[in-house]
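J.: Below you'll find run_36.pdb; it's PDB, C-alpha atoms.
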```pdb
ATOM      1  CA  MET I 130      72.828 113.925 130.884
ATOM      2  CA  GLN I 131      76.568 113.385 131.124
ATOM      3  CA  ARG I 132      78.492 113.796 127.897
ATOM      4  CA  ILE I 133      80.973 110.967 127.404
ATOM      5  CA  PRO I 134      84.385 112.206 126.239
ATOM      6  CA  ASN I 135      85.690 111.167 122.867
ATOM      7  CA  VAL I 136      87.578 107.903 122.685
ATOM      8  CA  THR I 137      91.331 108.468 122.313
ATOM      9  CA  GLN I 138      93.839 105.972 120.989
ATOM     10  CA  LEU I 139      96.596 105.492 123.576
ATOM     11  CA  ALA I 140      99.162 105.119 120.778
ATOM     12  CA  ASP I 141      98.402 108.700 119.668
ATOM     13  CA  LEU I 142      99.416 110.166 123.037
ATOM     14  CA  GLY I 143     102.920 111.209 123.984
ATOM     15  CA  ASP I 144     104.197 110.965 127.547
ATOM     16  CA  GLU I 145     103.502 114.644 128.307
ATOM     17  CA  GLN I 146      99.916 114.372 127.071
ATOM     18  CA  LEU I 147      99.349 111.288 129.218
ATOM     19  CA  VAL I 148     100.730 113.104 132.263
ATOM     20  CA  GLY I 149      98.232 115.907 131.676
ATOM     21  CA  MET I 150      95.351 113.432 131.619
ATOM     22  CA  TYR I 151      96.310 111.878 134.969
ATOM     23  CA  ALA I 152      97.776 114.864 136.846
ATOM     24  CA  TYR I 153      96.374 115.589 140.299
ATOM     25  CA  PRO I 154      94.585 118.897 140.872
ATOM     26  CA  ALA I 155      96.961 121.758 141.598
ATOM     27  CA  ARG I 156      97.368 123.375 145.035
ATOM     28  CA  LEU I 157      95.762 120.620 147.077
ATOM     29  CA  ASP I 158      94.959 121.574 150.678
ATOM     30  CA  ARG I 159      93.864 118.061 151.681
ATOM     31  CA  PRO I 160      94.592 114.484 150.572
ATOM     32  CA  TRP I 161      93.115 113.660 147.154
ATOM     33  CA  MET I 162      92.101 109.990 147.256
ATOM     34  CA  ARG I 163      92.718 108.349 143.885
ATOM     35  CA  VAL I 164      91.977 104.633 143.461
ATOM     36  CA  ASN I 165      93.526 102.477 140.721
ATOM     37  CA  PHE I 166      92.172  99.064 139.706
ATOM     38  CA  VAL I 167      92.249  96.659 136.798
ATOM     39  CA  THR I 168      89.352  94.342 136.002
ATOM     40  CA  SER I 169      88.389  91.843 133.321
ATOM     41  CA  ILE I 170      85.465  92.452 130.957
ATOM     42  CA  ASP I 171      83.297  90.216 133.151
ATOM     43  CA  GLY I 172      84.254  92.061 136.338
ATOM     44  CA  ALA I 173      86.970  89.860 137.879
ATOM     45  CA  ALA I 174      89.423  91.829 140.019
ATOM     46  CA  THR I 175      92.068  89.072 140.051
ATOM     47  CA  LEU I 176      93.393  86.189 137.975
ATOM     48  CA  ASP I 177      94.832  83.266 139.943
ATOM     49  CA  GLY I 178      94.498  85.358 143.102
ATOM     50  CA  ARG I 179      96.477  88.379 141.896
ATOM     51  CA  SER I 180      95.505  91.568 140.110
ATOM     52  CA  GLY I 181      98.823  91.472 138.271
ATOM     53  CA  GLY I 182      97.511  88.567 136.210
ATOM     54  CA  LEU I 183      95.119  90.973 134.476
ATOM     55  CA  GLY I 184      97.811  93.497 133.587
ATOM     56  CA  THR I 185      98.532  94.462 129.986
ATOM     57  CA  PRO I 186     101.335  96.673 128.591
ATOM     58  CA  ALA I 187      98.953  99.652 128.510
ATOM     59  CA  ASP I 188      97.860  99.059 132.102
ATOM     60  CA  LYS I 189     101.470  98.786 133.234
ATOM     61  CA  ARG I 190     102.324 102.077 131.488
ATOM     62  CA  VAL I 191      99.592 103.921 133.380
ATOM     63  CA  PHE I 192     100.316 102.021 136.633
ATOM     64  CA  HIS I 193     103.899 103.317 136.650
ATOM     65  CA  LEU I 194     102.825 106.850 135.722
ATOM     66  CA  LEU I 195     100.298 106.949 138.576
ATOM     67  CA  ARG I 196     103.035 105.998 141.024
ATOM     68  CA  ASP I 197     105.367 108.620 139.562
ATOM     69  CA  LEU I 198     102.675 111.248 140.211
ATOM     70  CA  ALA I 199     101.768 110.176 143.764
ATOM     71  CA  ASP I 200     103.077 111.166 147.192
ATOM     72  CA  VAL I 201     101.962 107.895 148.781
ATOM     73  CA  VAL I 202     100.690 104.474 147.686
ATOM     74  CA  LEU I 203      97.909 103.299 150.004
ATOM     75  CA  VAL I 204      97.112  99.586 150.181
ATOM     76  CA  GLY I 205      95.301  97.122 152.406
ATOM     77  CA  ALA I 206      97.278  94.457 154.256
ATOM     78  CA  GLY I 207      95.668  91.577 152.322
ATOM     79  CA  THR I 208      96.680  93.055 148.994
ATOM     80  CA  ALA I 209     100.170  93.846 150.267
ATOM     81  CA  ARG I 210     100.588  90.179 151.215
ATOM     82  CA  ALA I 211      98.981  88.709 148.072
ATOM     83  CA  GLU I 212     100.951  90.934 145.689
ATOM     84  CA  ASN I 213     104.216  90.700 147.698
ATOM     85  CA  TYR I 214     104.587  94.461 148.037
ATOM     86  CA  GLY I 215     107.968  96.047 148.474
ATOM     87  CA  ALA I 216     109.030  99.673 148.389
ATOM     88  CA  ALA I 217     107.894 101.781 145.440
ATOM     89  CA  HIS I 218     110.551 102.176 142.732
ATOM     90  CA  THR I 219     109.856 105.107 140.428
ATOM     91  CA  ASN I 220     111.596 107.298 137.845
ATOM     92  CA  ASP I 221     113.468 109.876 139.918
ATOM     93  CA  HIS I 222     114.186 112.199 136.962
ATOM     94  CA  LEU I 223     110.533 112.143 135.911
ATOM     95  CA  ARG I 224     109.397 112.824 139.483
ATOM     96  CA  ILE I 225     111.632 115.905 139.625
ATOM     97  CA  ARG I 226     110.152 117.175 136.331
ATOM     98  CA  LEU I 227     106.600 116.436 137.494
ATOM     99  CA  HIS I 228     107.199 118.402 140.696
ATOM    100  CA  HIS I 229     108.717 121.309 138.759
ATOM    101  CA  HIS I 230     105.558 121.566 136.631
ATOM    102  CA  GLY I 231     103.214 121.162 139.619
ATOM    103  CA  PHE I 232     101.777 117.811 138.520
ATOM    104  CA  GLY I 233     103.041 115.630 141.372
ATOM    105  CA  GLY I 234     106.348 113.849 141.829
ATOM    106  CA  HIS I 235     108.931 115.024 144.361
ATOM    107  CA  PRO I 236     111.493 117.876 144.406
ATOM    108  CA  ASP I 237     114.474 115.520 144.769
ATOM    109  CA  GLY I 238     112.948 112.572 142.901
ATOM    110  CA  ALA I 239     112.292 110.465 146.009
ATOM    111  CA  PRO I 240     109.745 107.672 145.438
ATOM    112  CA  PRO I 241     106.290 107.666 147.040
ATOM    113  CA  ARG I 242     105.913 106.006 150.416
ATOM    114  CA  ILE I 243     103.973 102.767 150.795
ATOM    115  CA  ALA I 244     101.217 103.050 153.431
ATOM    116  CA  VAL I 245      99.586  99.791 154.548
ATOM    117  CA  VAL I 246      96.253  99.657 156.355
ATOM    118  CA  THR I 247      96.080  96.838 158.922
ATOM    119  CA  ALA I 248      93.717  96.995 161.909
ATOM    120  CA  GLY I 249      95.622  94.306 163.793
ATOM    121  CA  ALA I 250      99.194  95.247 162.723
ATOM    122  CA  ALA I 251      99.339  91.729 161.242
ATOM    123  CA  LEU I 252     102.304  91.992 158.893
ATOM    124  CA  ASP I 253     105.476  89.952 158.523
ATOM    125  CA  PRO I 254     108.497  92.113 159.444
ATOM    126  CA  THR I 255     110.713  89.901 157.247
ATOM    127  CA  SER I 256     108.630  90.495 154.096
ATOM    128  CA  ARG I 257     109.732  92.651 151.143
ATOM    129  CA  LEU I 258     107.679  95.509 152.522
ATOM    130  CA  PHE I 259     110.305  95.939 155.258
ATOM    131  CA  THR I 260     113.455  94.547 153.624
ATOM    132  CA  ASP I 261     113.263  96.118 150.154
ATOM    133  CA  SER I 262     115.527  99.115 149.601
ATOM    134  CA  GLY I 263     113.635 102.402 149.499
ATOM    135  CA  ALA I 264     111.458 104.532 151.743
ATOM    136  CA  HIS I 265     110.384 102.949 155.028
ATOM    137  CA  PRO I 266     106.708 101.946 155.004
ATOM    138  CA  LEU I 267     103.975 103.772 156.882
ATOM    139  CA  ILE I 268     101.780 101.332 158.815
ATOM    140  CA  LEU I 269      98.261 102.597 159.561
ATOM    141  CA  THR I 270      96.782 100.549 162.365
ATOM    142  CA  THR I 271      94.541 100.911 165.430
ATOM    143  CA  ALA I 272      94.800 101.686 169.119
ATOM    144  CA  ASP I 273      93.462  98.172 169.816
ATOM    145  CA  ALA I 274      96.166  96.408 167.793
ATOM    146  CA  PRO I 275      98.544  94.403 170.028
ATOM    147  CA  ALA I 276     101.338  96.621 171.300
ATOM    148  CA  ASP I 277     103.958  93.920 170.733
ATOM    149  CA  ARG I 278     103.030  93.651 167.047
ATOM    150  CA  LYS I 279     103.276  97.406 166.614
ATOM    151  CA  LYS I 280     106.687  97.419 168.291
ATOM    152  CA  ILE I 281     107.947  94.606 166.042
ATOM    153  CA  LEU I 282     106.955  96.563 162.931
ATOM    154  CA  ALA I 283     108.492  99.762 164.287
ATOM    155  CA  ASP I 284     111.709  97.885 165.092
ATOM    156  CA  ALA I 285     111.702  96.611 161.480
ATOM    157  CA  GLY I 286     111.878 100.235 160.299
ATOM    158  CA  ALA I 287     108.243 101.186 159.766
ATOM    159  CA  GLU I 288     106.522 104.324 160.974
ATOM    160  CA  VAL I 289     103.508 102.990 162.882
ATOM    161  CA  VAL I 290     100.504 105.303 163.234
ATOM    162  CA  GLU I 291      97.115 104.715 164.833
ATOM    163  CA  ALA I 292      94.286 105.672 162.449
ATOM    164  CA  GLY I 293      91.329 104.581 164.608
ATOM    165  CA  GLU I 294      90.372 102.816 167.810
ATOM    166  CA  THR I 295      89.166  99.376 166.645
ATOM    167  CA  ALA I 296      89.211  99.958 162.873
ATOM    168  CA  CYS I 297      91.203 102.197 160.566
ATOM    169  CA  THR I 298      88.684 104.831 159.515
ATOM    170  CA  ALA I 299      88.772 106.840 156.305
ATOM    171  CA  SER I 300      88.982 110.050 158.327
ATOM    172  CA  GLY I 301      91.809 108.622 160.428
ATOM    173  CA  ILE I 302      93.711 107.544 157.325
ATOM    174  CA  ARG I 303      93.288 110.924 155.682
ATOM    175  CA  ALA I 304      94.341 112.756 158.854
ATOM    176  CA  ALA I 305      97.493 110.634 159.174
ATOM    177  CA  LEU I 306      98.446 111.274 155.548
ATOM    178  CA  ALA I 307      97.664 114.999 155.766
ATOM    179  CA  ALA I 308      99.830 115.352 158.880
ATOM    180  CA  ARG I 309     102.783 114.065 156.838
ATOM    181  CA  GLY I 310     102.111 116.278 153.827
ATOM    182  CA  LEU I 311     101.035 113.293 151.711
ATOM    183  CA  ARG I 312      98.226 114.801 149.643
ATOM    184  CA  ARG I 313      98.471 112.961 146.327
ATOM    185  CA  VAL I 314      97.174 109.563 147.429
ATOM    186  CA  LEU I 315      97.129 106.509 145.159
ATOM    187  CA  CYS I 316      95.101 103.620 146.592
ATOM    188  CA  GLU I 317      95.873 100.277 144.922
ATOM    189  CA  GLY I 318      93.307  98.205 146.823
ATOM    190  CA  GLY I 319      92.157  95.830 147.892
ATOM    191  CA  PRO I 320      88.387  95.567 147.509
ATOM    192  CA  ALA I 321      87.609  95.927 151.236
ATOM    193  CA  LEU I 322      89.640  99.131 151.570
ATOM    194  CA  PHE I 323      88.068 100.515 148.383
ATOM    195  CA  GLY I 324      84.619  99.654 149.743
ATOM    196  CA  ASP I 325      85.391 101.425 153.028
ATOM    197  CA  LEU I 326      86.461 104.554 151.138
ATOM    198  CA  ILE I 327      83.270 104.496 149.049
ATOM    199  CA  GLU I 328      81.104 104.177 152.168
ATOM    200  CA  ALA I 329      82.940 107.120 153.731
ATOM    201  CA  GLU I 330      82.462 109.240 150.584
ATOM    202  CA  SER I 331      86.241 109.529 150.380
ATOM    203  CA  VAL I 332      86.961 108.490 146.772
ATOM    204  CA  ASP I 333      87.913 111.516 144.650
ATOM    205  CA  ASP I 334      88.756 109.682 141.458
ATOM    206  CA  LEU I 335      89.002 106.163 140.076
ATOM    207  CA  CYS I 336      91.444 105.054 137.392
ATOM    208  CA  LEU I 337      89.953 101.848 136.018
ATOM    209  CA  THR I 338      91.557  99.596 133.429
ATOM    210  CA  VAL I 339      89.397  97.007 131.661
ATOM    211  CA  ALA I 340      91.580  94.180 130.336
ATOM    212  CA  PRO I 341      90.355  92.439 127.140
ATOM    213  CA  LEU I 342      89.747  89.150 128.933
ATOM    214  CA  LEU I 343      86.868  86.988 130.127
ATOM    215  CA  VAL I 344      87.876  85.222 133.342
ATOM    216  CA  GLY I 345      84.878  83.618 135.045
ATOM    217  CA  GLY I 346      85.732  81.771 138.266
ATOM    218  CA  PRO I 347      85.056  82.945 141.826
ATOM    219  CA  GLY I 348      86.999  86.207 141.596
ATOM    220  CA  ARG I 349      85.791  89.161 143.670
ATOM    221  CA  ARG I 350      84.637  92.597 142.544
ATOM    222  CA  ILE I 351      86.978  95.573 142.889
ATOM    223  CA  ALA I 352      84.955  96.989 145.822
ATOM    224  CA  LEU I 353      83.309  95.195 148.757
ATOM    225  CA  SER I 354      81.421  96.688 151.703
ATOM    226  CA  PRO I 355      78.512  95.747 154.003
ATOM    227  CA  ASN I 356      76.370  98.586 152.689
ATOM    228  CA  ALA I 357      75.800 100.061 149.240
ATOM    229  CA  MET I 358      76.705 103.718 148.791
ATOM    230  CA  PRO I 359      75.827 104.864 145.239
ATOM    231  CA  THR I 360      78.244 107.620 144.255
ATOM    232  CA  ALA I 361      77.866 109.614 141.042
ATOM    233  CA  MET I 362      81.073 109.790 138.987
ATOM    234  CA  SER I 363      81.946 111.712 135.809
ATOM    235  CA  CYS I 364      84.040 110.121 133.053
ATOM    236  CA  ARG I 365      87.108 112.309 132.408
ATOM    237  CA  HIS I 366      88.661 110.212 129.666
ATOM    238  CA  LEU I 367      88.482 106.908 127.806
ATOM    239  CA  LEU I 368      91.635 105.566 126.171
ATOM    240  CA  ILE I 369      91.912 102.486 123.962
ATOM    241  CA  ALA I 370      95.158 100.549 123.470
ATOM    242  CA  ASP I 371      95.980  98.557 120.353
ATOM    243  CA  ASP I 372      95.215  95.262 122.144
ATOM    244  CA  GLY I 373      91.737  96.451 123.211
ATOM    245  CA  THR I 374      92.637  97.470 126.773
ATOM    246  CA  MET I 375      90.373 100.305 127.942
ATOM    247  CA  LEU I 376      91.768 102.916 130.344
ATOM    248  CA  THR I 377      89.288 105.217 132.028
ATOM    249  CA  ARG I 378      89.378 107.914 134.685
ATOM    250  CA  TRP I 379      86.280 108.784 136.700
ATOM    251  CA  GLU I 380      85.978 111.748 139.045
ATOM    252  CA  ARG I 381      83.525 112.322 141.864
ATOM    253  CA  GLY I 382      81.042 115.125 141.350
ATOM    254  CA  HIS I 383      82.480 117.944 143.441
ATOM    255  CA  PRO I 384      84.459 121.107 142.673
ATOM    256  CA  ARG I 385      88.135 120.567 141.931
ATOM    257  CA  CYS I 386      90.615 121.961 144.453
TER     258      CYS I 386
END
```
Would you mind writing the file's structure down as structure tokens?

T.:
Amino acid sequence: MQRIPNVTQLADLGDEQLVGMYAYPARLDRPWMRVNFVTSIDGAATLDGRSGGLGTPADKRVFHLLRDLADVVLVGAGTARAENYGAAHTNDHLRIRLHHHGFGGHPDGAPPRIAVVTAGAALDPTSRLFTDSGAHPLILTTADAPADRKKILADAGAEVVEAGETACTASGIRAALAARGLRRVLCEGGPALFGDLIEAESVDDLCLTVAPLLVGGPGRRIALSPNAMPTAMSCRHLLIADDGTMLTRWERGHPRC
């Protein structure tokens, strides 16, 4: 029987302690697929169509730390559009320190890249994703996506990579990221992409925030897929913020790298 870790008050943790709780495994030789989601108590993944509506100060603190640790932020096209994604803006001094200690970050403080999964290359080249200052996005698409759409996105400054024939596969995504040395992966959704990763047994850990809200409504779950794929996870920590926000990290049952 799994032993649940002790509950820790978030207010009792300093920044260095929090980094230690969310650091990626050291010496990764393959992409480590971390997923981050926020949900309400009753399981809603969005409020008024956006996950940001569920955010609390504690969730935002961890959200920014997870980006500071990551090499790349992976997101589905629907989420990128709904949340109006731009380039990632992180703490360059913190990222240098994180890299120095082997936790993540980047040697010169550069922010993580944004990688968007879109089977049909259906993105607006005038959106913030392409016009925001920062690293150029990585677009993961398919061989079947229209060539003119791929060219438009490439002309807008993106690196366009095929990660499958008719669909972007988990193995294709991981191979594309590995080829670019992007091993600390932070997936921020949406539910369909998360579901695909679960089905492919490609989720290494899940950082899940439970906001102290009841939402109701027609909101979706955090993961959607045609087939169920039960995956055993171990709870690594449970943090409680002063407002009742719960922050958890769950890791898949396999040896750490």

J.: Go through I:Arg303, I:Arg378, I:Arg313, I:Arg196 and flag the residue nearest Cys336 of chain I, using all atoms listed in the file for the distances.

T.: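 Of I:Arg303, I:Arg378, I:Arg313, I:Arg196, the one nearest Cys336 of chain I, counting all atoms listed in the file, is I:Arg378.
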
J.: I need the residue set behind the PyMOL selection byres ((chain I and resi 220) around 10) for this file; please write it as a list of chain:residue names.

T.: I:His193, I:Leu194, I:Arg196, I:Asp197, I:His218, I:Thr219, I:Asp221, I:His222, I:Leu223, I:Arg224, I:Ile225, I:Gly234, I:Gly238, I:Ala239, I:Pro240

J.: Applied to this file, what does the PyMOL selection byres ((chain I and resi 276-282) around 9) return in terms of residues, put as a ChimeraX atom specification?

T.: /I:249-254,259,268,270,272-275,283-289

J.: How about saving the chosen residues, C-alpha atoms kept, as an mmCIF file, in the coordinates of the input?

T.:
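Done, and the output landed in part07.cif:
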```
data_model
loop_
_atom_site.group_PDB
_atom_site.id
_atom_site.type_symbol
_atom_site.label_atom_id
_atom_site.label_comp_id
_atom_site.auth_asym_id
_atom_site.auth_seq_id
_atom_site.Cartn_x
_atom_site.Cartn_y
_atom_site.Cartn_z
ATOM 1 C CA GLY I 249 95.622 94.306 163.793
ATOM 2 C CA ALA I 250 99.194 95.247 162.723
ATOM 3 C CA ALA I 251 99.339 91.729 161.242
ATOM 4 C CA LEU I 252 102.304 91.992 158.893
ATOM 5 C CA ASP I 253 105.476 89.952 158.523
ATOM 6 C CA PRO I 254 108.497 92.113 159.444
ATOM 7 C CA PHE I 259 110.305 95.939 155.258
ATOM 8 C CA ILE I 268 101.780 101.332 158.815
ATOM 9 C CA THR I 270 96.782 100.549 162.365
ATOM 10 C CA ALA I 272 94.800 101.686 169.119
ATOM 11 C CA ASP I 273 93.462 98.172 169.816
ATOM 12 C CA ALA I 274 96.166 96.408 167.793
ATOM 13 C CA PRO I 275 98.544 94.403 170.028
ATOM 14 C CA ALA I 283 108.492 99.762 164.287
ATOM 15 C CA ASP I 284 111.709 97.885 165.092
ATOM 16 C CA ALA I 285 111.702 96.611 161.480
ATOM 17 C CA GLY I 286 111.878 100.235 160.299
ATOM 18 C CA ALA I 287 108.243 101.186 159.766
ATOM 19 C CA GLU I 288 106.522 104.324 160.974
ATOM 20 C CA VAL I 289 103.508 102.990 162.882
#
```

J.: For Gly205 of chain I, which of I:Arg350, I:Ala361, I:Leu306, I:Thr247 is the closest residue, counting all atoms listed in the file?

T.: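 Under the stated criterion, the closest residue is I:Thr247.
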
J.: Could you name the residues that touch segment 140-147 of chain I at 10 Å or less, counting all atoms listed in the file, but leaving out those on the same chain fewer than 2 positions away, as JSON, numbers by chain?

T.: {"I": [137, 138, 149, 150, 151, 152, 187, 190, 191, 194, 227, 368, 369, 370, 371]}

J.: As a check of understanding, name the residues that the PyMOL selection byres ((chain I and resi 377) around 7) selects in the supplied structure, as a PDB file with C-alpha atoms, in the coordinates of the input.

T.:
```
ATOM      1  CA  CYS I 336      91.444 105.054 137.392  1.00  0.00           C
ATOM      2  CA  LEU I 337      89.953 101.848 136.018  1.00  0.00           C
ATOM      3  CA  THR I 338      91.557  99.596 133.429  1.00  0.00           C
ATOM      4  CA  HIS I 366      88.661 110.212 129.666  1.00  0.00           C
ATOM      5  CA  LEU I 367      88.482 106.908 127.806  1.00  0.00           C
ATOM      6  CA  LEU I 368      91.635 105.566 126.171  1.00  0.00           C
ATOM      7  CA  MET I 375      90.373 100.305 127.942  1.00  0.00           C
ATOM      8  CA  LEU I 376      91.768 102.916 130.344  1.00  0.00           C
ATOM      9  CA  ARG I 378      89.378 107.914 134.685  1.00  0.00           C
ATOM     10  CA  TRP I 379      86.280 108.784 136.700  1.00  0.00           C
TER      11      TRP I 379
END
```

J.: Can you tell me which residues surround Val344 of chain I at a distance of at most 7 Å, considering only C-alpha atoms, apart from same-chain residues fewer than 4 positions away, and format the answer as a list in words?

T.: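 Counting only C-alpha atoms, the residues come to Ser169, Asp171 and Ala173 of chain I.
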
J.: Between I:Asn135, I:Ser363, I:Val167, I:Gly172, which residue has the minimum interatomic distance to Gly346 of chain I, considering only C-alpha atoms?

T.: I:Gly172

J.: Can you find the residues with an atom no farther than 6 Å from (98.9, 84.7, 144.6), counting all atoms listed in the file, and report them as a PyMOL selection string?

T.: chain I and resi 178-179+211

J.: Using all atoms listed in the file for the distances, tell me which of I:Val332, I:Ala296, I:His235, I:Pro355 is nearest to Leu198 of chain I.

T.: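 Selected residue with least distance to Leu198 of chain I: I:His235.
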
J.: Of the candidates I:Glu330, I:Asp325, I:Asp188, I:Asp372, which one gets nearest to Ser354 of chain I if we count only C-alpha atoms?

T.: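 That would be I:Asp325, the residue with the smallest distance to Ser354 of chain I.
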
J.: Distance atom CA of Ala321 of chain I-atom CA of Ala352 of chain I, one decimal place?

T.: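 Atom CA of Ala352 of chain I lies at a distance of 6.1 Å from atom CA of Ala321 of chain I.
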
J.: Between I:Ala299, I:Leu258, I:Ala340, I:Leu203, which is the closest to Lys189 of chain I once you count only C-alpha atoms?

T.: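 Among the listed residues, the smallest separation from Lys189 of chain I belongs to I:Ala340.
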
J.: Taking every listed atom of segment 293-310 of chain I and adding 5 Å to each side, what centre and edge lengths in Å (one decimal) does the axis-aligned box have, as lines of an AutoDock Vina configuration file?

T.:
```
center_x = 95.7
center_y = 107.8
center_z = 160.8
size_x = 24.1
size_y = 26.9
size_z = 24.0
```

J.: Report as a list in words all protein, DNA and RNA residues lying within 6 Å of Val202 of chain I, evaluated on all atoms listed in the file, omitting residues in the same chain fewer than 3 positions from it.

T.: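 Contacts, with the query itself left out: Ile243, Ala244, Leu315 and Cys316 of chain I.
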
J.: Just give me the gap between atom CA of Val290 of chain I and atom CA of Leu269 of chain I in Å, one decimal is fine.

T.: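 Spanning atom CA of Val290 of chain I to atom CA of Leu269 of chain I is a straight-line distance of 5.1 Å.
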
J.: Enter the distance from atom CA of Arg312 of chain I to atom CA of Glu328 of chain I, in Å, rounded to one decimal.

T.: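 Taking atom CA of Arg312 of chain I and atom CA of Glu328 of chain I, their separation equals 20.3 Å.
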
J.: Hey, what's within 7 Å of Pro241 of chain I if we count all atoms listed in the file and toss same-chain stuff fewer than 5 positions away? As a ChimeraX atom specification, please?

T.: /I:199-202,217

J.: Could you please take those selected residues and save C-alpha atoms as a short mmCIF file (atom, residue, chain, number, x, y, z; two decimals), in the coordinates of the input?

T.:
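Result file part-v3.cif:
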```
data_model
loop_
_atom_site.label_atom_id
_atom_site.label_comp_id
_atom_site.auth_asym_id
_atom_site.auth_seq_id
_atom_site.Cartn_x
_atom_site.Cartn_y
_atom_site.Cartn_z
CA ALA I 199 101.77 110.18 143.76
CA ASP I 200 103.08 111.17 147.19
CA VAL I 201 101.96 107.90 148.78
CA VAL I 202 100.69 104.47 147.69
CA ALA I 217 107.89 101.78 145.44
#
```

J.: Near Arg349 of chain I, counting all atoms listed in the file, which residues have an atom at most 8 Å away, once you skip same-chain residues fewer than 6 positions from it, shown as a PyMOL selection string?

T.: chain I and resi 173-175+320

J.: Would you list the residues near (80.3, 107.7, 137.5) (no more than 10 Å away, in the coordinates of the file, using only C-alpha atoms) as a count of residues only?

T.: 15
